[in-house]
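Asker: Here it is, the structure, as structure tokens.
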Amino acid sequence: METATALRWAGALDGQGFPLGEAWREAPGLAFAWDWRGENADPERETEVRLLWRPATLFLRFCCRFRVLTTFTDSPADGRRYGLWDRDVAEVFLQPDLSRPRSYWEFEVAPNGKWIDLDIVLGEKPPGHKGDPQSGIKVRTQVAEVKKVWTAEMALPMRTLTPEFDASAVWRTNFFRVEGRAEPRFYSCWRPTKTPQPDFHVPQAFGELRFR
């Protein structure tokens, strides 16, 4: 099984509560550019993900190459936008409790900083999640139009993800991208789900997440 690694960051945080820029260079990176089946790689839509952690927070940084950006501009004042996945997003699914294989967290961020957090219980009656979980997520994004790259950082409170964080525990995870306003859109993921139609909600395809 493939493994993502989150590196402990004991250094300073900036004024917004995110690791300083040089911290991300220390974190191991993973990258993917293929579609949800693990086919049709598109280097111009490559996604790189890096993870850092402190006892109180898990940090993620997405670096996303893009062709054309499409985003929603409307949302409540806090930026939480239901249905965000119908435009361009980067996503992480996190499963800290392996004893509940159909339950996991879903966090998404758009290039313009809109976001969504969902506490998923797969197979429950629609919509299969618990409304607004008020996870405490913080996000920030930046778009480099000339380079055709957008970046996003997430800060996720550990107290939301797990009742008691244990750095020796192994979590399950997967990372995703969606790009495009209308079908056929580009659906991409680190660990391919290999479903007939695009579907990211396949926890048996998740890889491991280890903390060091």
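Labels for the structure tokens follow display order: chains A, B, ..., residues from 1 in each chain, ligands from 1.
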Applying 6 Å and only C-alpha atoms, which residues near Arg81 of chain A remain after dropping the ones on its own chain fewer than 6 positions away? List them as JSON, numbers by chain.
Answerer: {"A": [75, 115, 116]}
Asker: For the interface of segment 98-129 of chain A with segment 170-192 of chain A (cut-off 12 Å, counting only C-alpha atoms), please tabulate each contacting residue of segment 98-129 of chain A alongside its nearest pair of atoms and their separation in Å to one decimal, rows sorted by chain and increasing number, as JSON lines.
Answerer:
{"residue": "A:Leu98", "atom": "CA", "partner": "A:Trp171", "partner_atom": "CA", "distance": 7.0}
{"residue": "A:Ser99", "atom": "CA", "partner": "A:Trp171", "partner_atom": "CA", "distance": 10.7}
{"residue": "A:Arg100", "atom": "CA", "partner": "A:Arg172", "partner_atom": "CA", "distance": 11.1}
{"residue": "A:Pro101", "atom": "CA", "partner": "A:Arg172", "partner_atom": "CA", "distance": 9.4}
{"residue": "A:Arg102", "atom": "CA", "partner": "A:Arg172", "partner_atom": "CA", "distance": 11.4}
{"residue": "A:Ser103", "atom": "CA", "partner": "A:Arg172", "partner_atom": "CA", "distance": 10.9}
{"residue": "A:Tyr104", "atom": "CA", "partner": "A:Thr173", "partner_atom": "CA", "distance": 8.8}
{"residue": "A:Trp105", "atom": "CA", "partner": "A:Thr173", "partner_atom": "CA", "distance": 9.3}
{"residue": "A:Glu106", "atom": "CA", "partner": "A:Asn174", "partner_atom": "CA", "distance": 9.7}
{"residue": "A:Phe107", "atom": "CA", "partner": "A:Phe175", "partner_atom": "CA", "distance": 9.8}
{"residue": "A:Glu108", "atom": "CA", "partner": "A:Phe176", "partner_atom": "CA", "distance": 9.0}
{"residue": "A:Val109", "atom": "CA", "partner": "A:Arg177", "partner_atom": "CA", "distance": 9.8}
{"residue": "A:Ala110", "atom": "CA", "partner": "A:Val178", "partner_atom": "CA", "distance": 9.6}
{"residue": "A:Pro111", "atom": "CA", "partner": "A:Glu179", "partner_atom": "CA", "distance": 10.5}
Asker: Identify, on the basis of only C-alpha atoms, every residue whose closest approach to Ala10 of chain A does not exceed 10 Å; exclude the query and any residue fewer than 4 positions from it along the same chain; express the result as an mmCIF file with N, CA and C atoms, in the first residue's frame.
Answerer:
data_model
loop_
_atom_site.group_PDB
_atom_site.id
_atom_site.type_symbol
_atom_site.label_atom_id
_atom_site.label_comp_id
_atom_site.auth_asym_id
_atom_site.auth_seq_id
_atom_site.Cartn_x
_atom_site.Cartn_y
_atom_site.Cartn_z
ATOM 1 N N PRO A 19 2.517 27.206 8.531
ATOM 2 C CA PRO A 19 3.970 27.083 8.536
ATOM 3 C C PRO A 19 4.609 28.092 7.585
ATOM 4 N N ALA A 23 9.267 25.769 5.388
ATOM 5 C CA ALA A 23 8.892 24.512 6.042
ATOM 6 C C ALA A 23 8.426 23.474 5.034
ATOM 7 N N LEU A 52 2.425 18.606 6.831
ATOM 8 C CA LEU A 52 3.161 18.882 8.061
ATOM 9 C C LEU A 52 2.201 18.745 9.231
ATOM 10 N N TRP A 53 2.755 18.525 10.414
ATOM 11 C CA TRP A 53 1.867 18.430 11.577
ATOM 12 C C TRP A 53 2.532 18.977 12.821
ATOM 13 N N ARG A 54 1.680 19.447 13.708
ATOM 14 C CA ARG A 54 2.006 19.766 15.090
ATOM 15 C C ARG A 54 0.983 19.019 15.937
ATOM 16 N N PRO A 55 1.215 18.852 17.220
ATOM 17 C CA PRO A 55 0.249 18.098 18.024
ATOM 18 C C PRO A 55 -1.183 18.621 17.919
#
Asker: Which one is closest to Val202 of chain A: A:Gln95, A:Trp150, A:Pro133, A:Ser168? Count only C-alpha atoms.
Answerer: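 With only C-alpha atoms as the atom set, the closest residue is A:Gln95.
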Asker: Write out as a count of residues only the set of residues from segment 98-194 of chain A that DSSP, computed on the backbone, places in helix (DSSP H, G or I).
Answerer: 4
Asker: When you look at Thr193 of chain A with a cut-off of 9 Å (counting only C-alpha atoms), what residues show up, excluding the ones that are within fewer than 4 positions of it in the same chain? I need them as a PyMOL selection string.
Answerer: chain A and resi 36-38+189+198-206
Asker: Take the selection from the previous step and output its residues with N, CA and C atoms, as a PDB file, in the first residue's frame.
Answerer:
ATOM      1  N   TRP A  36      -8.922   9.281 -12.405  1.00  0.00           N
ATOM      2  CA  TRP A  36      -9.367   8.456 -11.277  1.00  0.00           C
ATOM      3  C   TRP A  36      -9.159   6.966 -11.513  1.00  0.00           C
ATOM      4  N   ARG A  37      -8.924   6.587 -12.773  1.00  0.00           N
ATOM      5  CA  ARG A  37      -8.636   5.187 -13.076  1.00  0.00           C
ATOM      6  C   ARG A  37      -7.137   4.885 -13.071  1.00  0.00           C
ATOM      7  N   GLY A  38      -6.329   5.928 -12.902  1.00  0.00           N
ATOM      8  CA  GLY A  38      -4.888   5.750 -13.005  1.00  0.00           C
ATOM      9  C   GLY A  38      -4.401   5.771 -14.438  1.00  0.00           C
ATOM     10  N   CYS A 189      -6.801  11.527  -8.977  1.00  0.00           N
ATOM     11  CA  CYS A 189      -6.576  11.147  -7.585  1.00  0.00           C
ATOM     12  C   CYS A 189      -5.249  10.434  -7.413  1.00  0.00           C
ATOM     13  N   PRO A 198     -16.426   8.423 -12.661  1.00  0.00           N
ATOM     14  CA  PRO A 198     -15.664   9.105 -11.618  1.00  0.00           C
ATOM     15  C   PRO A 198     -16.345   8.995 -10.253  1.00  0.00           C
ATOM     16  N   ASP A 199     -15.618   8.510  -9.278  1.00  0.00           N
ATOM     17  CA  ASP A 199     -16.140   8.351  -7.919  1.00  0.00           C
ATOM     18  C   ASP A 199     -14.951   8.358  -6.971  1.00  0.00           C
ATOM     19  N   PHE A 200     -14.892   9.343  -6.097  1.00  0.00           N
ATOM     20  CA  PHE A 200     -13.801   9.429  -5.133  1.00  0.00           C
ATOM     21  C   PHE A 200     -14.125   8.703  -3.825  1.00  0.00           C
ATOM     22  N   HIS A 201     -15.389   8.404  -3.598  1.00  0.00           N
ATOM     23  CA  HIS A 201     -15.802   7.822  -2.315  1.00  0.00           C
ATOM     24  C   HIS A 201     -15.623   6.307  -2.330  1.00  0.00           C
ATOM     25  N   VAL A 202     -14.366   5.898  -2.351  1.00  0.00           N
ATOM     26  CA  VAL A 202     -13.994   4.489  -2.385  1.00  0.00           C
ATOM     27  C   VAL A 202     -12.916   4.283  -1.319  1.00  0.00           C
ATOM     28  N   PRO A 203     -13.298   4.162  -0.050  1.00  0.00           N
ATOM     29  CA  PRO A 203     -12.305   4.109   1.015  1.00  0.00           C
ATOM     30  C   PRO A 203     -11.346   2.934   0.930  1.00  0.00           C
ATOM     31  N   GLN A 204     -11.758   1.848   0.271  1.00  0.00           N
ATOM     32  CA  GLN A 204     -10.850   0.712   0.135  1.00  0.00           C
ATOM     33  C   GLN A 204      -9.663   1.030  -0.768  1.00  0.00           C
ATOM     34  N   ALA A 205      -9.740   2.137  -1.511  1.00  0.00           N
ATOM     35  CA  ALA A 205      -8.622   2.561  -2.352  1.00  0.00           C
ATOM     36  C   ALA A 205      -7.674   3.505  -1.633  1.00  0.00           C
ATOM     37  N   PHE A 206      -8.027   3.941  -0.431  1.00  0.00           N
ATOM     38  CA  PHE A 206      -7.175   4.906   0.292  1.00  0.00           C
ATOM     39  C   PHE A 206      -5.786   4.316   0.526  1.00  0.00           C
TER      40      PHE A 206
END
Asker: Identify, on the basis of only C-alpha atoms, every residue whose closest approach to Arg67 of chain A does not exceed 10 Å; exclude the query and any residue fewer than 4 positions from it along the same chain; express the result as JSON, numbers by chain.
Answerer: {"A": [44, 45, 145, 148, 149, 179, 180]}
Asker: Which neighbours of Phe59 of chain A fall inside 10 Å, counting only C-alpha atoms, when residues of the same chain fewer than 4 positions from it are skipped, and could you give them as an mmCIF file with C-alpha atoms, in the first residue's frame?
Answerer:
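Contents of part_5.cif, freshly written:
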data_model
loop_
_atom_site.group_PDB
_atom_site.id
_atom_site.type_symbol
_atom_site.label_atom_id
_atom_site.label_comp_id
_atom_site.auth_asym_id
_atom_site.auth_seq_id
_atom_site.Cartn_x
_atom_site.Cartn_y
_atom_site.Cartn_z
ATOM 1 C CA ALA A 6 3.329 14.055 7.333
ATOM 2 C CA LEU A 7 6.472 15.606 8.795
ATOM 3 C CA ARG A 8 6.466 17.175 12.250
ATOM 4 C CA TRP A 9 7.031 20.944 12.132
ATOM 5 C CA PHE A 18 0.427 28.464 8.771
ATOM 6 C CA PRO A 19 3.970 27.083 8.536
ATOM 7 C CA TRP A 24 7.154 22.969 3.042
ATOM 8 C CA ARG A 50 2.848 17.992 1.136
ATOM 9 C CA LEU A 51 1.853 17.507 4.772
ATOM 10 C CA LEU A 52 3.161 18.882 8.061
ATOM 11 C CA TRP A 53 1.867 18.430 11.577
ATOM 12 C CA ARG A 54 2.006 19.766 15.090
ATOM 13 C CA ILE A 137 -10.627 24.373 9.037
ATOM 14 C CA LYS A 138 -8.568 27.365 7.882
ATOM 15 C CA VAL A 139 -7.537 27.816 4.242
ATOM 16 C CA GLU A 153 -2.961 25.467 2.256
ATOM 17 C CA MET A 154 -5.234 23.869 4.839
ATOM 18 C CA ALA A 155 -4.910 23.898 8.624
ATOM 19 C CA LEU A 156 -7.045 21.191 10.257
ATOM 20 C CA PRO A 157 -7.475 21.004 14.047
ATOM 21 C CA MET A 158 -6.393 17.601 15.363
#
Asker: If you measure from atom CA of Ala90 of chain A to atom CA of Ala4 of chain A, what distance in Å do you get, rounded to one decimal?
Answerer: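 Atom CA of Ala90 of chain A sits 16.2 Å away from atom CA of Ala4 of chain A.
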Asker: Tell me, as a list in words, which residues lie within 10 Å of Gly131 of chain A, counting only C-alpha atoms; anything in the same chain fewer than 5 positions away does not count.
Answerer: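 So, after excluding close chain neighbours, the residues are Tyr82, Asp117, Leu118, Asp119 and Ile120 of chain A.
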Asker: Just N, CA and C atoms for this one: save the residues we selected as a short mmCIF file (atom, residue, chain, number, x, y, z; two decimals), in the first residue's frame.
Answerer:
data_model
loop_
_atom_site.label_atom_id
_atom_site.label_comp_id
_atom_site.auth_asym_id
_atom_site.auth_seq_id
_atom_site.Cartn_x
_atom_site.Cartn_y
_atom_site.Cartn_z
N TYR A 82 -21.32 24.86 -0.11
CA TYR A 82 -21.79 23.51 -0.41
C TYR A 82 -21.83 23.31 -1.93
N ASP A 117 -16.22 21.41 4.31
CA ASP A 117 -15.81 20.33 5.20
C ASP A 117 -17.00 19.41 5.42
N LEU A 118 -16.79 18.11 5.32
CA LEU A 118 -17.87 17.14 5.42
C LEU A 118 -17.43 15.95 6.27
N ASP A 119 -18.28 15.57 7.20
CA ASP A 119 -18.07 14.39 8.03
C ASP A 119 -18.87 13.26 7.39
N ILE A 120 -18.19 12.41 6.61
CA ILE A 120 -18.86 11.43 5.76
C ILE A 120 -19.14 10.14 6.52
#
Asker: Enumerate as a CSV table (one decimal) with N, CA and C atoms, in the first residue's frame all residues of chain A assigned to strand (DSSP E or B) by DSSP on the backbone, naming them with the chain letters and numbers the document uses.
Answerer:
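The result, stored in result.csv:
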chain,number,residue,atom,x,y,z
A,3,THR,N,2.1,5.0,0.7
A,3,THR,CA,2.1,5.8,2.0
A,3,THR,C,2.4,7.3,1.7
A,4,ALA,N,1.6,8.1,2.3
A,4,ALA,CA,1.9,9.5,2.4
A,4,ALA,C,2.5,9.8,3.8
A,5,THR,N,3.4,10.8,3.9
A,5,THR,CA,4.1,11.1,5.1
A,5,THR,C,3.8,12.5,5.5
A,6,ALA,N,3.4,12.7,6.8
A,6,ALA,CA,3.3,14.1,7.3
A,6,ALA,C,4.5,14.3,8.3
A,7,LEU,N,5.3,15.3,8.0
A,7,LEU,CA,6.5,15.6,8.8
A,7,LEU,C,6.2,16.6,9.9
A,8,ARG,N,6.7,16.3,11.1
A,8,ARG,CA,6.5,17.2,12.2
A,8,ARG,C,7.2,18.5,12.0
A,13,LEU,N,5.2,29.6,13.1
A,13,LEU,CA,4.0,29.8,12.2
A,13,LEU,C,4.0,31.3,11.8
A,19,PRO,N,2.5,27.2,8.5
A,19,PRO,CA,4.0,27.1,8.5
A,19,PRO,C,4.6,28.1,7.6
A,29,GLY,N,7.1,15.2,-0.6
A,29,GLY,CA,6.0,15.5,-1.5
A,29,GLY,C,5.5,14.2,-2.2
A,30,LEU,N,4.3,14.2,-2.6
A,30,LEU,CA,3.8,13.2,-3.5
A,30,LEU,C,3.0,13.9,-4.7
A,31,ALA,N,3.0,13.3,-5.8
A,31,ALA,CA,2.4,14.0,-7.0
A,31,ALA,C,1.6,13.0,-7.8
A,32,PHE,N,0.6,13.5,-8.5
A,32,PHE,CA,-0.2,12.6,-9.4
A,32,PHE,C,-0.7,13.5,-10.5
A,35,ASP,N,-5.9,10.2,-14.2
A,35,ASP,CA,-7.3,10.3,-13.9
A,35,ASP,C,-7.6,9.3,-12.7
A,47,THR,N,-0.8,17.5,-9.7
A,47,THR,CA,-1.0,18.0,-8.3
A,47,THR,C,0.1,17.4,-7.5
A,48,GLU,N,0.7,18.3,-6.7
A,48,GLU,CA,1.6,17.9,-5.6
A,48,GLU,C,1.1,18.2,-4.3
A,49,VAL,N,1.2,17.3,-3.3
A,49,VAL,CA,0.7,17.4,-2.0
A,49,VAL,C,1.9,17.3,-1.0
A,50,ARG,N,1.9,18.1,0.0
A,50,ARG,CA,2.8,18.0,1.1
A,50,ARG,C,2.1,18.2,2.4
A,51,LEU,N,2.5,17.5,3.5
A,51,LEU,CA,1.9,17.5,4.8
A,51,LEU,C,2.8,17.8,5.9
A,52,LEU,N,2.4,18.6,6.8
A,52,LEU,CA,3.2,18.9,8.1
A,52,LEU,C,2.2,18.7,9.2
A,53,TRP,N,2.8,18.5,10.4
A,53,TRP,CA,1.9,18.4,11.6
A,53,TRP,C,2.5,19.0,12.8
A,54,ARG,N,1.7,19.4,13.7
A,54,ARG,CA,2.0,19.8,15.1
A,54,ARG,C,1.0,19.0,15.9
A,57,THR,N,-2.4,20.5,15.1
A,57,THR,CA,-2.9,20.8,13.8
A,57,THR,C,-2.2,19.9,12.7
A,58,LEU,N,-3.0,19.6,11.7
A,58,LEU,CA,-2.5,18.9,10.5
A,58,LEU,C,-2.5,20.0,9.4
A,59,PHE,N,-1.4,20.2,8.7
A,59,PHE,CA,-1.3,21.2,7.7
A,59,PHE,C,-1.1,20.4,6.3
A,60,LEU,N,-1.8,20.9,5.3
A,60,LEU,CA,-1.6,20.4,3.9
A,60,LEU,C,-1.4,21.5,3.0
A,61,ARG,N,-0.6,21.2,2.0
A,61,ARG,CA,-0.3,22.2,0.9
A,61,ARG,C,-0.5,21.5,-0.4
A,62,PHE,N,-1.4,22.0,-1.3
A,62,PHE,CA,-1.6,21.5,-2.6
A,62,PHE,C,-0.9,22.5,-3.6
A,63,CYS,N,-0.2,22.0,-4.5
A,63,CYS,CA,0.3,22.8,-5.6
A,63,CYS,C,-0.2,22.2,-6.9
A,64,CYS,N,-1.1,23.0,-7.6
A,64,CYS,CA,-1.9,22.5,-8.7
A,64,CYS,C,-1.7,23.2,-10.0
A,65,ARG,N,-1.2,22.4,-11.0
A,65,ARG,CA,-1.1,23.0,-12.3
A,65,ARG,C,-2.5,22.9,-12.9
A,80,ARG,N,-17.5,29.0,3.3
A,80,ARG,CA,-18.0,27.6,3.2
A,80,ARG,C,-19.0,27.5,2.1
A,89,VAL,N,-11.5,22.1,-7.7
A,89,VAL,CA,-11.2,21.9,-6.3
A,89,VAL,C,-10.0,21.0,-6.1
A,90,ALA,N,-9.3,21.1,-5.0
A,90,ALA,CA,-8.4,20.1,-4.5
A,90,ALA,C,-9.0,19.5,-3.2
A,91,GLU,N,-8.8,18.2,-3.0
A,91,GLU,CA,-9.5,17.5,-1.9
A,91,GLU,C,-8.6,16.6,-1.2
A,92,VAL,N,-8.9,16.4,0.1
A,92,VAL,CA,-8.3,15.4,0.9
A,92,VAL,C,-9.4,14.6,1.6
A,93,PHE,N,-9.3,13.3,1.7
A,93,PHE,CA,-10.1,12.5,2.5
A,93,PHE,C,-9.2,11.9,3.6
A,94,LEU,N,-9.7,12.0,4.8
A,94,LEU,CA,-8.9,11.5,6.0
A,94,LEU,C,-9.7,10.6,6.8
A,95,GLN,N,-9.1,9.4,7.2
A,95,GLN,CA,-9.8,8.4,8.0
A,95,GLN,C,-8.8,8.0,9.2
A,103,SER,N,-16.4,5.6,7.4
A,103,SER,CA,-16.5,7.0,8.0
A,103,SER,C,-15.2,7.7,7.8
A,104,TYR,N,-15.2,8.9,7.3
A,104,TYR,CA,-14.0,9.7,7.1
A,104,TYR,C,-14.4,11.1,6.9
A,105,TRP,N,-13.3,12.0,7.0
A,105,TRP,CA,-13.5,13.4,6.7
A,105,TRP,C,-13.2,13.7,5.3
A,106,GLU,N,-13.9,14.7,4.7
A,106,GLU,CA,-13.6,15.2,3.4
A,106,GLU,C,-13.5,16.7,3.5
A,107,PHE,N,-12.3,17.2,3.0
A,107,PHE,CA,-12.1,18.7,3.0
A,107,PHE,C,-11.7,19.1,1.6
A,108,GLU,N,-12.3,20.2,1.1
A,108,GLU,CA,-12.1,20.7,-0.3
A,108,GLU,C,-11.7,22.1,-0.2
A,109,VAL,N,-10.9,22.6,-1.1
A,109,VAL,CA,-10.6,24.0,-1.3
A,109,VAL,C,-10.6,24.3,-2.8
A,115,TRP,N,-14.3,26.9,0.4
A,115,TRP,CA,-14.0,25.6,1.0
A,115,TRP,C,-15.3,24.9,1.5
A,116,ILE,N,-15.1,23.6,1.7
A,116,ILE,CA,-16.2,22.8,2.3
A,116,ILE,C,-15.6,21.7,3.2
A,117,ASP,N,-16.2,21.4,4.3
A,117,ASP,CA,-15.8,20.3,5.2
A,117,ASP,C,-17.0,19.4,5.4
A,118,LEU,N,-16.8,18.1,5.3
A,118,LEU,CA,-17.9,17.1,5.4
A,118,LEU,C,-17.4,15.9,6.3
A,119,ASP,N,-18.3,15.6,7.2
A,119,ASP,CA,-18.1,14.4,8.0
A,119,ASP,C,-18.9,13.3,7.4
A,120,ILE,N,-18.2,12.4,6.6
A,120,ILE,CA,-18.9,11.4,5.8
A,120,ILE,C,-19.1,10.1,6.5
A,121,VAL,N,-20.3,9.6,6.3
A,121,VAL,CA,-20.6,8.2,6.7
A,121,VAL,C,-21.2,7.5,5.5
A,129,HIS,N,-23.8,12.7,5.0
A,129,HIS,CA,-22.9,13.4,5.9
A,129,HIS,C,-23.7,14.2,6.9
A,138,LYS,N,-9.0,26.1,8.4
A,138,LYS,CA,-8.6,27.4,7.9
A,138,LYS,C,-7.9,27.1,6.5
A,139,VAL,N,-8.1,28.0,5.6
A,139,VAL,CA,-7.5,27.8,4.2
A,139,VAL,C,-7.0,29.1,3.8
A,140,ARG,N,-6.0,29.1,2.8
A,140,ARG,CA,-5.6,30.2,2.1
A,140,ARG,C,-5.1,29.7,0.7
A,141,THR,N,-5.3,30.5,-0.3
A,141,THR,CA,-4.9,30.1,-1.6
A,141,THR,C,-4.2,31.3,-2.4
A,142,GLN,N,-3.5,30.9,-3.5
A,142,GLN,CA,-2.9,31.9,-4.3
A,142,GLN,C,-2.8,31.3,-5.7
A,143,VAL,N,-3.1,32.2,-6.7
A,143,VAL,CA,-3.1,31.8,-8.1
A,143,VAL,C,-2.0,32.5,-8.8
A,144,ALA,N,-1.1,31.8,-9.5
A,144,ALA,CA,-0.1,32.3,-10.4
A,144,ALA,C,-0.6,32.1,-11.9
A,149,VAL,N,-0.4,27.9,-12.2
A,149,VAL,CA,-0.3,27.1,-11.0
A,149,VAL,C,-1.2,27.8,-9.9
A,150,TRP,N,-2.0,27.0,-9.2
A,150,TRP,CA,-2.6,27.5,-8.0
A,150,TRP,C,-2.2,26.7,-6.8
A,151,THR,N,-2.0,27.3,-5.6
A,151,THR,CA,-1.7,26.7,-4.4
A,151,THR,C,-2.7,26.9,-3.4
A,152,ALA,N,-2.8,25.9,-2.5
A,152,ALA,CA,-3.8,26.0,-1.4
A,152,ALA,C,-3.2,25.4,-0.1
A,153,GLU,N,-3.4,26.0,1.0
A,153,GLU,CA,-3.0,25.5,2.3
A,153,GLU,C,-4.2,25.3,3.1
A,154,MET,N,-4.2,24.2,3.9
A,154,MET,CA,-5.2,23.9,4.8
A,154,MET,C,-4.6,23.7,6.2
A,155,ALA,N,-5.3,24.2,7.2
A,155,ALA,CA,-4.9,23.9,8.6
A,155,ALA,C,-6.1,23.2,9.3
A,156,LEU,N,-5.9,22.0,9.7
A,156,LEU,CA,-7.0,21.2,10.3
A,156,LEU,C,-6.8,20.9,11.7
A,157,PRO,N,-7.7,21.3,12.6
A,157,PRO,CA,-7.5,21.0,14.0
A,157,PRO,C,-7.5,19.5,14.3
A,171,TRP,N,-3.1,6.4,9.7
A,171,TRP,CA,-4.4,6.8,9.2
A,171,TRP,C,-4.5,6.3,7.8
A,172,ARG,N,-5.7,6.4,7.2
A,172,ARG,CA,-5.9,6.2,5.8
A,172,ARG,C,-6.3,7.5,5.1
A,173,THR,N,-5.9,7.7,3.8
A,173,THR,CA,-6.1,9.0,3.2
A,173,THR,C,-6.1,8.8,1.7
A,174,ASN,N,-6.7,9.8,1.0
A,174,ASN,CA,-6.5,9.9,-0.5
A,174,ASN,C,-6.6,11.4,-0.8
A,175,PHE,N,-6.1,11.8,-2.0
A,175,PHE,CA,-6.0,13.2,-2.4
A,175,PHE,C,-6.6,13.2,-3.8
A,176,PHE,N,-7.3,14.3,-4.1
A,176,PHE,CA,-8.0,14.4,-5.4
A,176,PHE,C,-8.0,15.8,-6.0
A,177,ARG,N,-8.2,15.9,-7.3
A,177,ARG,CA,-8.4,17.1,-8.0
A,177,ARG,C,-9.6,17.0,-8.9
A,178,VAL,N,-10.3,18.1,-9.1
A,178,VAL,CA,-11.3,18.2,-10.1
A,178,VAL,C,-11.1,19.5,-10.9
A,179,GLU,N,-11.2,19.5,-12.2
A,179,GLU,CA,-11.0,20.7,-13.0
A,179,GLU,C,-12.0,20.6,-14.2
A,186,PHE,N,-12.0,16.9,-15.6
A,186,PHE,CA,-10.8,16.1,-15.3
A,186,PHE,C,-10.8,15.7,-13.8
A,187,TYR,N,-11.0,14.4,-13.5
A,187,TYR,CA,-11.1,13.9,-12.2
A,187,TYR,C,-9.8,13.1,-11.9
A,188,SER,N,-9.0,13.5,-10.9
A,188,SER,CA,-7.7,13.0,-10.7
A,188,SER,C,-7.6,12.6,-9.3
A,189,CYS,N,-6.8,11.5,-9.0
A,189,CYS,CA,-6.6,11.1,-7.6
A,189,CYS,C,-5.2,10.4,-7.4
A,207,GLY,N,-4.8,5.2,0.5
A,207,GLY,CA,-3.4,4.8,1.0
A,207,GLY,C,-3.2,5.1,2.5
A,208,GLU,N,-2.0,4.9,2.9
A,208,GLU,CA,-1.7,5.1,4.3
A,208,GLU,C,-1.2,6.5,4.5
A,209,LEU,N,-1.4,7.0,5.7
A,209,LEU,CA,-0.8,8.3,6.2
A,209,LEU,C,-0.1,8.0,7.5
A,210,ARG,N,1.2,8.3,7.4
A,210,ARG,CA,2.0,8.1,8.6
A,210,ARG,C,2.7,9.4,9.1
A,211,PHE,N,2.9,9.5,10.3
A,211,PHE,CA,3.4,10.8,10.9
A,211,PHE,C,4.9,10.5,11.4
